[in-house]
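Asker: File name query33.cif; file contents mmCIF, C-alpha atoms; full text below.
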```
data_run
loop_
_atom_site.label_atom_id
_atom_site.label_comp_id
_atom_site.auth_asym_id
_atom_site.auth_seq_id
_atom_site.Cartn_x
_atom_site.Cartn_y
_atom_site.Cartn_z
CA MET A 1 13.16 1.12 25.15
CA ALA A 2 9.75 2.55 24.35
CA PRO A 3 9.10 3.17 20.65
CA TYR A 4 8.01 6.73 21.26
CA GLU A 5 11.45 8.23 21.78
CA SER A 6 10.26 11.79 21.41
CA ASP A 7 8.17 11.35 24.57
CA ARG A 8 11.45 12.06 26.32
CA THR A 9 12.52 14.99 24.20
CA ALA A 10 9.53 16.94 22.96
CA GLY A 11 8.89 18.65 26.28
CA ALA A 12 5.19 17.72 26.51
CA GLU A 13 3.36 15.50 28.96
CA GLY A 14 2.45 11.95 27.89
CA LEU A 15 -1.09 10.82 27.23
CA PRO A 16 -3.40 9.48 29.98
CA ASP A 17 -3.83 5.78 30.68
CA GLU A 18 -6.59 5.51 28.07
CA ALA A 19 -4.06 6.34 25.36
CA ASP A 20 -1.74 3.64 26.71
CA ASP A 21 -4.59 1.16 26.33
CA VAL A 22 -5.09 2.23 22.73
CA ARG A 23 -1.41 1.81 22.02
CA ALA A 24 -1.31 -1.61 23.69
CA GLY A 25 -4.29 -2.72 21.62
CA ARG A 26 -2.56 -1.62 18.46
CA ARG A 27 0.54 -3.60 19.32
CA LYS A 28 -1.47 -6.78 19.86
CA ALA A 29 -2.56 -6.75 16.23
CA ALA A 30 -0.13 -8.98 14.38
CA ARG A 31 0.62 -6.77 11.43
CA TYR A 32 3.54 -6.96 9.05
CA VAL A 33 5.22 -4.42 6.86
CA VAL A 34 4.63 -6.28 3.59
CA PRO A 35 2.18 -8.69 1.99
CA VAL A 36 3.93 -11.71 0.46
CA ALA A 37 2.36 -13.15 -2.66
CA VAL A 38 4.09 -11.51 -5.61
CA VAL A 39 7.02 -9.16 -5.11
CA GLY A 40 5.74 -6.42 -7.39
CA VAL A 41 2.21 -6.55 -5.99
CA ALA A 42 3.49 -6.56 -2.44
CA ALA A 43 5.64 -3.52 -3.02
CA ALA A 44 2.68 -1.61 -4.39
CA THR A 45 0.94 -1.68 -1.03
CA ILE A 46 3.83 -0.11 0.83
CA GLY A 47 4.56 3.55 1.07
CA LEU A 48 6.71 6.35 -0.06
CA VAL A 49 9.67 8.81 -0.66
CA PRO A 50 12.60 10.89 0.45
CA ALA A 51 12.30 13.58 3.01
CA LEU A 52 9.58 16.17 2.70
CA ALA A 53 10.62 18.83 0.26
CA ASP A 54 7.96 21.45 0.96
CA SER A 55 9.27 24.84 1.97
CA GLY A 56 8.36 26.48 5.24
CA ASP A 57 9.00 25.63 8.86
CA PRO A 58 5.94 26.77 10.81
CA SER A 59 6.13 27.39 14.54
CA LEU A 60 3.72 24.98 16.24
CA PRO A 61 3.11 23.91 19.86
CA LYS A 62 5.27 21.05 21.12
CA ILE A 63 3.76 17.58 20.78
CA THR A 64 4.96 14.07 21.58
CA ALA A 65 5.02 11.24 19.05
CA GLU A 66 2.33 9.36 20.94
CA GLN A 67 0.10 12.44 21.00
CA LEU A 68 0.61 12.90 17.28
CA ILE A 69 -0.32 9.28 16.55
CA GLU A 70 -3.44 9.68 18.67
CA LYS A 71 -4.23 12.87 16.75
CA ILE A 72 -4.19 10.85 13.53
CA ALA A 73 -6.32 8.09 15.05
CA LYS A 74 -8.91 10.53 16.38
CA SER A 75 -9.16 12.58 13.19
CA ASP A 76 -12.83 12.69 12.23
CA VAL A 77 -12.55 14.42 8.87
CA GLN A 78 -15.35 13.07 6.67
CA GLN A 79 -15.23 15.58 3.83
CA LEU A 80 -12.30 16.62 1.70
CA SER A 81 -11.12 17.07 -1.87
CA GLY A 82 -7.69 17.54 -3.34
CA THR A 83 -4.91 16.49 -5.68
CA VAL A 84 -2.25 13.95 -4.75
CA LYS A 85 1.01 13.41 -6.61
CA VAL A 86 2.30 9.83 -6.41
CA SER A 87 5.76 8.81 -7.66
CA THR A 88 7.06 5.27 -7.35
CA ASP A 89 10.54 3.90 -8.08
CA LEU A 90 10.84 0.27 -6.98
CA GLY A 91 13.90 -0.32 -9.14
CA LEU A 92 12.19 -3.03 -11.15
CA PRO A 93 13.82 -4.06 -14.43
CA SER A 94 12.10 -2.88 -17.60
CA LEU A 95 10.10 -5.76 -19.04
CA GLY A 96 8.97 -3.96 -22.17
CA GLY A 97 6.30 -5.88 -24.03
CA LEU A 98 6.24 -8.64 -21.41
CA GLU A 99 5.12 -6.16 -18.75
CA SER A 100 2.24 -4.89 -20.88
CA GLY A 101 1.35 -8.44 -21.80
CA MET A 102 1.10 -9.42 -18.14
CA LEU A 103 -1.20 -6.48 -17.43
CA SER A 104 -3.26 -7.41 -20.47
CA GLY A 105 -3.52 -10.98 -19.24
CA ALA A 106 -4.73 -9.79 -15.84
CA THR A 107 -7.40 -7.70 -17.55
CA GLU A 108 -8.58 -10.63 -19.64
CA GLY A 109 -8.78 -12.77 -16.52
CA SER A 110 -11.13 -10.26 -14.90
CA GLY A 111 -13.77 -10.44 -17.57
CA GLY A 112 -12.04 -8.46 -20.31
CA SER A 113 -12.70 -4.99 -18.88
CA SER A 114 -9.88 -2.46 -18.89
CA ALA A 115 -11.84 -0.57 -16.21
CA ASP A 116 -11.52 -3.35 -13.60
CA PRO A 117 -9.91 -1.72 -10.52
CA GLN A 118 -8.04 -4.90 -9.52
CA SER A 119 -5.77 -4.61 -12.55
CA LYS A 120 -6.00 -0.90 -13.39
CA LEU A 121 -4.85 0.48 -10.04
CA MET A 122 -1.69 -1.64 -10.18
CA GLU A 123 -0.37 0.92 -12.65
CA LEU A 124 0.26 3.15 -9.64
CA ALA A 125 3.09 0.78 -8.69
CA SER A 126 5.47 2.54 -11.08
CA GLY A 127 6.13 6.00 -12.48
CA THR A 128 4.56 9.32 -11.53
CA HIS A 129 0.82 9.88 -11.40
CA THR A 130 -1.58 12.69 -10.54
CA VAL A 131 -4.57 11.53 -8.52
CA ARG A 132 -7.64 13.56 -7.61
CA VAL A 133 -9.57 12.48 -4.53
CA ALA A 134 -12.87 13.50 -2.96
CA ALA A 135 -14.86 12.16 -0.04
CA ASP A 136 -18.13 12.92 1.70
CA GLY A 137 -18.59 10.44 4.51
CA PRO A 138 -18.03 6.66 4.34
CA ASP A 139 -20.44 6.06 1.46
CA LYS A 140 -19.25 8.66 -1.03
CA ALA A 141 -15.76 8.71 -2.48
CA LYS A 142 -14.06 9.34 -5.80
CA VAL A 143 -10.52 8.63 -6.94
CA SER A 144 -9.39 9.72 -10.41
CA VAL A 145 -6.04 8.93 -11.98
CA LEU A 146 -5.22 11.56 -14.61
CA GLU A 147 -3.41 10.33 -17.71
CA ASN A 148 -2.39 11.89 -21.00
CA ALA A 149 -5.69 13.04 -22.54
CA ALA A 150 -7.49 10.38 -20.48
CA GLU A 151 -8.80 9.71 -17.00
CA TYR A 152 -9.53 6.62 -14.94
CA SER A 153 -12.02 7.05 -12.10
CA ILE A 154 -13.54 4.96 -9.33
CA ILE A 155 -16.76 6.41 -7.91
CA HIS A 156 -18.38 5.03 -4.77
CA ASN A 157 -21.87 6.36 -4.15
CA GLY A 158 -24.04 4.50 -1.69
CA ASN A 159 -24.29 0.84 -2.73
CA ASP A 160 -22.81 1.43 -6.18
CA VAL A 161 -19.14 1.34 -7.14
CA TRP A 162 -18.38 2.48 -10.68
CA ALA A 163 -15.03 2.40 -12.47
CA TYR A 164 -14.60 4.22 -15.78
CA ASP A 165 -11.67 4.19 -18.22
CA SER A 166 -12.16 7.09 -20.62
CA LYS A 167 -9.35 5.88 -22.88
CA SER A 168 -11.16 2.65 -23.78
CA ASN A 169 -14.65 3.96 -22.95
CA GLU A 170 -15.24 0.96 -20.67
CA VAL A 171 -17.18 0.84 -17.42
CA TYR A 172 -16.95 -1.65 -14.56
CA HIS A 173 -19.84 -1.74 -12.07
CA SER A 174 -20.17 -3.56 -8.78
CA THR A 175 -22.26 -3.21 -5.66
CA ALA A 176 -21.18 -2.82 -2.07
CA PRO A 177 -23.28 -2.94 1.11
CA ALA A 178 -23.77 0.37 2.85
CA ALA A 179 -20.78 1.20 5.03
CA GLU A 180 -21.00 1.30 8.79
CA LYS A 181 -20.01 4.53 10.49
CA GLY A 182 -16.33 5.18 9.92
CA GLU A 183 -15.97 2.25 7.50
CA GLU A 184 -14.95 2.74 3.90
CA LYS A 185 -16.36 0.36 1.26
CA ALA A 186 -14.65 1.72 -1.83
CA PRO A 187 -12.06 -0.56 -3.49
CA LYS A 188 -8.75 -0.62 -1.58
CA ASP A 189 -6.53 -2.68 -3.86
CA VAL A 190 -3.77 -0.06 -3.77
CA PRO A 191 -3.43 2.74 -1.21
CA THR A 192 -3.73 6.05 -3.05
CA THR A 193 -3.75 8.72 -0.34
CA PRO A 194 -1.26 9.69 2.39
CA LYS A 195 -3.80 8.61 5.05
CA GLU A 196 -4.16 5.08 3.64
CA LEU A 197 -0.38 4.74 3.46
CA ALA A 198 0.08 6.16 6.95
CA ASP A 199 -2.47 3.70 8.32
CA GLU A 200 -0.43 0.83 6.88
CA ALA A 201 2.81 2.14 8.39
CA LEU A 202 1.29 2.75 11.83
CA LYS A 203 0.16 -0.88 12.01
CA SER A 204 3.84 -1.75 12.33
CA VAL A 205 4.54 0.53 15.30
CA ASP A 206 5.72 -1.62 18.22
CA ASP A 207 8.81 -2.03 20.40
CA THR A 208 10.93 -2.71 17.29
CA THR A 209 10.22 0.82 16.09
CA SER A 210 11.58 4.26 16.92
CA VAL A 211 8.94 6.97 16.59
CA THR A 212 9.78 10.65 17.01
CA VAL A 213 8.48 14.08 16.06
CA ASP A 214 10.95 15.48 13.54
CA GLY A 215 9.99 19.14 13.38
CA THR A 216 7.38 20.80 11.24
CA ALA A 217 6.69 21.50 7.56
CA GLN A 218 4.18 23.10 5.27
CA VAL A 219 2.35 20.82 2.83
CA ALA A 220 -0.23 22.03 0.32
CA GLY A 221 -0.25 25.36 2.12
CA ARG A 222 -1.07 23.84 5.52
CA ASP A 223 1.01 23.65 8.70
CA ALA A 224 2.02 20.12 9.60
CA TYR A 225 4.04 18.08 12.09
CA LYS A 226 6.51 15.51 10.78
CA LEU A 227 6.26 12.05 12.34
CA LEU A 228 9.45 10.02 11.80
CA ILE A 229 9.20 6.21 11.95
CA LYS A 230 12.39 4.12 11.83
CA PRO A 231 13.08 0.42 12.39
CA LYS A 232 15.39 -0.32 15.32
CA GLN A 233 16.32 -3.71 13.88
CA SER A 234 18.99 -4.46 11.34
CA GLY A 235 18.23 -6.36 8.16
CA SER A 236 15.20 -4.32 7.06
CA THR A 237 15.17 -2.57 3.69
CA VAL A 238 13.04 0.21 5.19
CA GLY A 239 15.24 3.13 6.13
CA ALA A 240 12.72 5.64 7.46
CA ILE A 241 9.13 6.74 6.98
CA THR A 242 8.02 10.33 7.40
CA VAL A 243 4.37 11.30 7.70
CA ALA A 244 3.38 14.97 7.52
CA VAL A 245 0.29 15.39 9.72
CA ASP A 246 -2.02 18.37 9.38
CA ALA A 247 -1.69 20.30 12.65
CA LYS A 248 -5.36 21.27 12.73
CA THR A 249 -7.25 18.20 11.51
CA GLY A 250 -4.81 15.33 12.14
CA VAL A 251 -5.10 14.19 8.52
CA PRO A 252 -1.85 12.83 6.99
CA LEU A 253 -0.92 15.16 4.12
CA LYS A 254 2.24 13.48 2.88
CA PHE A 255 3.86 10.08 3.36
CA THR A 256 7.48 9.32 2.56
CA LEU A 257 9.65 6.21 2.68
CA VAL A 258 13.41 6.07 2.29
CA PRO A 259 15.06 2.67 1.70
CA THR A 260 18.21 1.69 3.58
CA SER A 261 20.02 1.45 0.25
CA GLY A 262 19.70 5.23 -0.19
CA GLY A 263 19.49 6.88 -3.59
CA ALA A 264 16.20 7.93 -5.15
CA ALA A 265 13.01 7.59 -3.16
CA VAL A 266 10.93 4.43 -3.39
CA VAL A 267 7.67 6.35 -3.60
CA ASP A 268 6.47 9.88 -2.96
CA ALA A 269 2.82 10.61 -2.24
CA GLY A 270 1.49 13.90 -0.98
CA PHE A 271 -1.24 16.46 -1.43
CA THR A 272 -0.38 19.37 -3.68
CA GLN A 273 -3.84 20.84 -3.06
CA VAL A 274 -6.37 20.00 -0.35
CA ALA A 275 -9.59 21.46 1.04
CA PHE A 276 -11.69 20.20 3.95
CA ALA A 277 -15.06 21.30 2.64
CA LYS A 278 -18.08 19.32 1.45
CA PRO A 279 -17.62 18.40 -2.24
CA ALA A 280 -20.49 19.12 -4.61
CA ALA A 281 -23.01 16.27 -4.65
CA SER A 282 -22.55 15.96 -8.43
CA THR A 283 -18.94 14.87 -7.82
CA PHE A 284 -20.22 11.38 -7.01
CA ASP A 285 -22.82 11.11 -9.76
CA PHE A 286 -22.05 8.72 -12.61
CA THR A 287 -23.95 7.50 -15.65
CA PRO A 288 -22.23 5.28 -18.22
CA PRO A 289 -21.48 7.35 -21.36
CA LYS A 290 -23.36 6.48 -24.50
CA GLY A 291 -21.70 3.62 -26.35
CA ALA A 292 -19.55 2.57 -23.39
CA LYS A 293 -18.96 -1.14 -22.80
CA VAL A 294 -20.34 -1.96 -19.33
CA THR A 295 -19.19 -5.00 -17.36
CA GLU A 296 -21.33 -5.96 -14.37
CA ASP A 297 -19.66 -7.64 -11.42
CA LYS A 298 -21.45 -9.08 -8.41
CA ASP A 299 -19.80 -10.74 -5.45
CA GLY A 300 -16.48 -10.85 -7.30
CA LYS A 301 -17.87 -12.68 -10.36
CA ASP A 302 -18.44 -11.35 -13.85
CA THR A 303 -22.07 -12.15 -14.72
CA ARG A 304 -21.20 -12.54 -18.38
CA GLU A 305 -18.78 -15.37 -17.64
CA SER A 306 -19.34 -18.94 -16.48
CA LYS A 307 -19.22 -19.79 -12.79
CA GLU A 308 -15.71 -21.10 -13.25
CA SER A 309 -14.43 -17.71 -14.43
CA LYS A 310 -13.33 -15.76 -11.39
CA ALA A 311 -11.80 -12.32 -11.05
CA PRO A 312 -8.19 -12.44 -9.86
CA GLU A 313 -7.65 -11.96 -6.16
CA SER A 314 -5.89 -8.82 -5.01
CA ALA A 315 -2.71 -8.90 -2.97
CA PRO A 316 -3.29 -10.06 0.60
CA SER A 317 -3.42 -7.34 3.21
CA HIS A 318 -1.27 -7.33 6.32
CA GLY A 319 -4.13 -8.75 8.34
CA ASP A 320 -4.75 -11.83 6.15
CA LEU A 321 -1.29 -12.82 4.99
CA GLY A 322 -2.07 -16.51 5.37
CA LYS A 323 -5.32 -16.46 3.43
CA GLY A 324 -5.03 -18.81 0.48
CA LEU A 325 -1.45 -19.82 1.33
CA ASP A 326 -1.12 -23.28 2.87
CA GLY A 327 1.46 -23.63 5.62
CA LEU A 328 2.33 -19.93 5.89
CA LYS A 329 4.83 -19.25 8.67
CA THR A 330 6.51 -16.08 9.85
CA ILE A 331 10.11 -15.76 10.96
CA GLY A 332 11.22 -12.96 13.24
CA LYS A 333 9.10 -9.97 14.19
CA GLY A 334 8.55 -6.32 13.47
CA TRP A 335 10.25 -4.77 10.48
CA SER A 336 12.46 -7.82 9.97
CA THR A 337 9.55 -10.26 9.67
CA ILE A 338 9.96 -12.81 6.89
CA ALA A 339 7.06 -14.83 5.52
CA GLU A 340 7.76 -18.45 4.59
CA PHE A 341 5.41 -20.63 2.57
CA ASP A 342 5.51 -23.63 0.30
CA THR A 343 4.23 -23.34 -3.26
CA GLY A 344 3.46 -27.05 -3.20
CA GLY A 345 5.57 -27.74 -6.24
CA GLN A 346 8.99 -27.47 -7.75
CA GLY A 347 10.60 -24.07 -7.57
CA MET A 348 12.41 -22.26 -10.34
CA PRO A 349 15.53 -24.08 -11.56
CA SER A 350 18.51 -21.88 -10.79
CA GLY A 351 20.83 -23.41 -13.32
CA SER A 352 20.99 -22.84 -17.06
CA SER A 353 17.99 -21.72 -19.06
CA SER A 354 17.80 -25.19 -20.62
CA GLU A 355 16.57 -26.57 -17.31
CA GLY A 356 13.35 -24.64 -17.42
CA GLY A 357 13.05 -23.43 -20.97
CA ASP A 358 13.20 -19.88 -22.30
CA VAL A 359 10.80 -18.46 -19.70
CA SER A 360 12.76 -19.93 -16.80
CA GLY A 361 16.00 -18.65 -18.30
CA PHE A 362 14.56 -15.15 -18.67
CA LEU A 363 13.21 -15.04 -15.11
CA ASN A 364 16.48 -16.37 -13.72
CA SER A 365 18.32 -13.54 -15.46
CA LEU A 366 16.33 -11.09 -13.32
CA GLY A 367 17.42 -12.65 -10.00
CA ASP A 368 20.55 -13.50 -8.04
CA HIS A 369 21.42 -17.17 -7.62
CA VAL A 370 22.23 -18.22 -4.05
CA LYS A 371 23.18 -21.44 -2.27
CA GLY A 372 22.98 -22.65 1.31
CA LYS A 373 21.75 -25.44 3.53
CA PHE A 374 18.47 -25.20 1.61
CA GLY A 375 20.24 -26.09 -1.64
CA SER A 376 19.95 -23.52 -4.42
CA GLY A 377 17.55 -20.71 -5.09
CA THR A 378 16.99 -17.34 -6.72
CA VAL A 379 16.48 -14.00 -4.99
CA PHE A 380 14.22 -11.53 -6.79
CA SER A 381 14.67 -7.99 -5.57
CA THR A 382 13.12 -4.57 -5.64
CA ARG A 383 14.47 -1.63 -3.69
CA LEU A 384 12.06 -2.49 -0.89
CA VAL A 385 10.73 -6.06 -1.09
CA ASN A 386 12.85 -9.15 -1.69
CA ALA A 387 11.83 -12.78 -2.21
CA LEU A 388 13.89 -15.98 -2.23
CA ILE A 389 12.43 -18.90 -4.20
CA THR A 390 14.29 -22.16 -3.57
CA ASP A 391 14.56 -24.96 -6.08
CA ASP A 392 12.27 -27.14 -3.94
CA GLY A 393 9.43 -24.59 -4.09
CA LYS A 394 9.83 -22.77 -0.77
CA VAL A 395 9.38 -18.97 -0.73
CA TYR A 396 10.84 -16.52 1.78
CA ALA A 397 9.74 -12.90 1.36
CA GLY A 398 9.74 -9.61 3.19
CA ALA A 399 11.04 -6.05 3.36
CA VAL A 400 14.45 -7.40 4.32
CA THR A 401 17.87 -7.77 2.71
CA LYS A 402 18.98 -10.70 0.58
CA ASP A 403 21.34 -11.85 3.33
CA ALA A 404 18.45 -11.93 5.81
CA LEU A 405 16.43 -14.16 3.46
CA VAL A 406 19.33 -16.59 2.97
CA LYS A 407 19.93 -16.71 6.73
CA ALA A 408 16.24 -17.47 7.35
CA ALA A 409 16.19 -20.21 4.70
CA ASN A 410 19.33 -21.80 6.18
CA ALA A 411 17.81 -21.77 9.67
CA ALA A 412 14.64 -23.44 8.37
CA HIS A 413 16.58 -26.43 7.03
#
```
For the structure just supplied, provide its representation as structure tokens.
Answerer:
Amino acid sequence: MAPYESDRTAGAEGLPDEADDVRAGRRKAARYVVPVAVVGVAAATIGLVPALADSGDPSLPKITAEQLIEKIAKSDVQQLSGTVKVSTDLGLPSLGGLESGMLSGATEGSGGSSADPQSKLMELASGTHTVRVAADGPDKAKVSVLENAAEYSIIHNGNDVWAYDSKSNEVYHSTAPAAEKGEEKAPKDVPTTPKELADEALKSVDDTTSVTVDGTAQVAGRDAYKLLIKPKQSGSTVGAITVAVDAKTGVPLKFTLVPTSGGAAVVDAGFTQVAFAKPAASTFDFTPPKGAKVTEDKDGKDTRESKESKAPESAPSHGDLGKGLDGLKTIGKGWSTIAEFDTGGQGMPSGSSSEGGDVSGFLNSLGDHVKGKFGSGTVFSTRLVNALITDDGKVYAGAVTKDALVKAANAAH
């Protein structure tokens, strides 16, 4: 069955052969729903919430799912500004001081700057945040996360990328080569806009996916189509993804993801205000405030540190899952894909805390102990991404259920 089910029901003609070629090319790209290094980091790169809650049901011309996807792909909007509300509920246990300590450790590892985007943007992986965005072509962009009486901003202007944390009055500066046409060079550690999240979801559209047009909505005062993406396979933790697409420009305005477990949304990200006009040039100007601590970074290395001191790597993207992971294999396909790799050492003891000390005992208390042909292991879960770590150091991870992980591990032994 073709993934574009609404091609049969929307009452509009399909796209010409050229569109079929585009779709075929997209399917050939081996993309997966989740990166697979650390469960929490992986979950941060996936998308968002329950069904669209905006009022209004505008009357718009009929459109097929394939035509709507092509509308997104062909969108040439280069200038916009707006406010995005992002809410994330991965169902992670509260780690209290340990959680803040881990974030602090990541900051120290990146040269001691609280403004380093690689650690700072990970805060979007939990809670509710207000984000202001602005763009003027591929070489000018600004993303600001508004906090209580503080603001964290990343400004990309030409070859310069600045990050500023007003709370600590720290600045992080790096350089980036000028972007090619249509290419964005600003940091992309964590998707922050509906378009970035939609792009990630659309990479997974293949014959394991049902894609339909699910009516219309109004988002941020604009008429939009709702694109509904659902896995056809069993075993995935992804229930459904809805993308609200601006009817006029083709820009995704809101992205939602519902887990198969139901309940509260995993994440909700959508524009509350948006304008497709050229932002003021001053929007992208930045000069470090007087007295601010400035950390210079070039080619991923802090110039104040020794050559051995490297900034931590960000989570792998869907396109480079195997980078830095020896022996990475994938099991299954589509939404039920599971990544398998060997840590090269002993896994986490899944017995008493005395086997691995206090830290091992604490971590084991956060997971579910399982047994099978692979021996013993521990499954660490969020509401979207799960990972099985066996006692012999093997890792199985993906946006799949615990039972799917155990089944995969059994089959591998």
Asker: Write out as a list in words each polymer residue whose atoms come within 10 Å of Gly215 of chain A, counting only C-alpha atoms; drop sequence neighbours fewer than 4 positions from it.
Answerer: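 So, after excluding close chain neighbours, the residues are Ala10, Asp57, Pro58, Ser59, Leu60, Lys62, Ile63, Ala224, Tyr225, Lys226, Leu227, Leu228 and Ala244 of chain A.
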Asker: Interatomic distance between atom CA of Ala163 of chain A and atom CA of Lys278 of chain A?
Answerer: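 Answer for the atom CA of Ala163 of chain A to atom CA of Lys278 of chain A separation: 22.1 Å.
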Asker: Restricting the calculation to all atoms listed in the file: of A:His156, A:Lys71, A:Lys85, A:His173, which residue gets closest to Pro288 of chain A?
Answerer: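 That would be A:His173, the residue with the smallest distance to Pro288 of chain A.
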Asker: Quick check, in Å to one decimal: how far apart do atom CA of Glu196 of chain A and atom CA of Ala247 of chain A lie?
Answerer: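 If I compute the distance from atom CA of Glu196 of chain A to atom CA of Ala247 of chain A, I get 17.9 Å.
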Asker: Compare A:Pro138, A:Gly372, A:Pro117, A:Pro279 by their minimum atom-to-atom distance to Tyr164 of chain A, counting all atoms listed in the file, and give me the closest one.
Answerer: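 Closest to Tyr164 of chain A, using all atoms listed in the file: A:Pro117.
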Asker: Please rebuild segment 121-133 of chain A with N, CA, C and O atoms and give the result as a PDB file, keeping the file's coordinate frame.
Answerer:
```
ATOM      1  N   LEU A 121      -5.539  -0.280 -11.074  1.00  0.00           N
ATOM      2  CA  LEU A 121      -4.850   0.480 -10.040  1.00  0.00           C
ATOM      3  C   LEU A 121      -3.413   0.009  -9.822  1.00  0.00           C
ATOM      4  O   LEU A 121      -2.613   0.720  -9.217  1.00  0.00           O
ATOM      5  N   MET A 122      -3.062  -1.178 -10.322  1.00  0.00           N
ATOM      6  CA  MET A 122      -1.690  -1.640 -10.180  1.00  0.00           C
ATOM      7  C   MET A 122      -0.715  -0.769 -10.958  1.00  0.00           C
ATOM      8  O   MET A 122       0.484  -0.795 -10.716  1.00  0.00           O
ATOM      9  N   GLU A 123      -1.236   0.024 -11.891  1.00  0.00           N
ATOM     10  CA  GLU A 123      -0.370   0.920 -12.650  1.00  0.00           C
ATOM     11  C   GLU A 123       0.267   1.975 -11.750  1.00  0.00           C
ATOM     12  O   GLU A 123       1.273   2.588 -12.109  1.00  0.00           O
ATOM     13  N   LEU A 124      -0.316   2.193 -10.574  1.00  0.00           N
ATOM     14  CA  LEU A 124       0.260   3.150  -9.640  1.00  0.00           C
ATOM     15  C   LEU A 124       1.560   2.636  -9.026  1.00  0.00           C
ATOM     16  O   LEU A 124       2.259   3.383  -8.340  1.00  0.00           O
ATOM     17  N   ALA A 125       1.884   1.360  -9.275  1.00  0.00           N
ATOM     18  CA  ALA A 125       3.090   0.780  -8.690  1.00  0.00           C
ATOM     19  C   ALA A 125       4.362   1.236  -9.367  1.00  0.00           C
ATOM     20  O   ALA A 125       5.453   0.872  -8.933  1.00  0.00           O
ATOM     21  N   SER A 126       4.267   2.035 -10.415  1.00  0.00           N
ATOM     22  CA  SER A 126       5.470   2.540 -11.080  1.00  0.00           C
ATOM     23  C   SER A 126       5.189   3.897 -11.701  1.00  0.00           C
ATOM     24  O   SER A 126       4.053   4.220 -12.046  1.00  0.00           O
ATOM     25  N   GLY A 127       6.251   4.698 -11.819  1.00  0.00           N
ATOM     26  CA  GLY A 127       6.130   6.000 -12.480  1.00  0.00           C
ATOM     27  C   GLY A 127       5.502   7.061 -11.594  1.00  0.00           C
ATOM     28  O   GLY A 127       5.359   6.912 -10.385  1.00  0.00           O
ATOM     29  N   THR A 128       5.147   8.182 -12.221  1.00  0.00           N
ATOM     30  CA  THR A 128       4.560   9.320 -11.530  1.00  0.00           C
ATOM     31  C   THR A 128       3.135   9.537 -12.011  1.00  0.00           C
ATOM     32  O   THR A 128       2.875   9.524 -13.212  1.00  0.00           O
ATOM     33  N   HIS A 129       2.224   9.739 -11.068  1.00  0.00           N
ATOM     34  CA  HIS A 129       0.820   9.880 -11.400  1.00  0.00           C
ATOM     35  C   HIS A 129       0.192  11.023 -10.606  1.00  0.00           C
ATOM     36  O   HIS A 129       0.593  11.302  -9.472  1.00  0.00           O
ATOM     37  N   THR A 130      -0.791  11.664 -11.214  1.00  0.00           N
ATOM     38  CA  THR A 130      -1.580  12.690 -10.540  1.00  0.00           C
ATOM     39  C   THR A 130      -2.956  12.093 -10.233  1.00  0.00           C
ATOM     40  O   THR A 130      -3.617  11.574 -11.125  1.00  0.00           O
ATOM     41  N   VAL A 131      -3.333  12.145  -8.960  1.00  0.00           N
ATOM     42  CA  VAL A 131      -4.570  11.530  -8.520  1.00  0.00           C
ATOM     43  C   VAL A 131      -5.447  12.574  -7.834  1.00  0.00           C
ATOM     44  O   VAL A 131      -4.986  13.292  -6.940  1.00  0.00           O
ATOM     45  N   ARG A 132      -6.693  12.683  -8.265  1.00  0.00           N
ATOM     46  CA  ARG A 132      -7.640  13.560  -7.610  1.00  0.00           C
ATOM     47  C   ARG A 132      -8.534  12.728  -6.700  1.00  0.00           C
ATOM     48  O   ARG A 132      -9.012  11.673  -7.093  1.00  0.00           O
ATOM     49  N   VAL A 133      -8.748  13.214  -5.480  1.00  0.00           N
ATOM     50  CA  VAL A 133      -9.570  12.480  -4.530  1.00  0.00           C
ATOM     51  C   VAL A 133     -10.657  13.375  -3.965  1.00  0.00           C
ATOM     52  O   VAL A 133     -10.491  14.600  -3.874  1.00  0.00           O
TER      53      VAL A 133
END
```
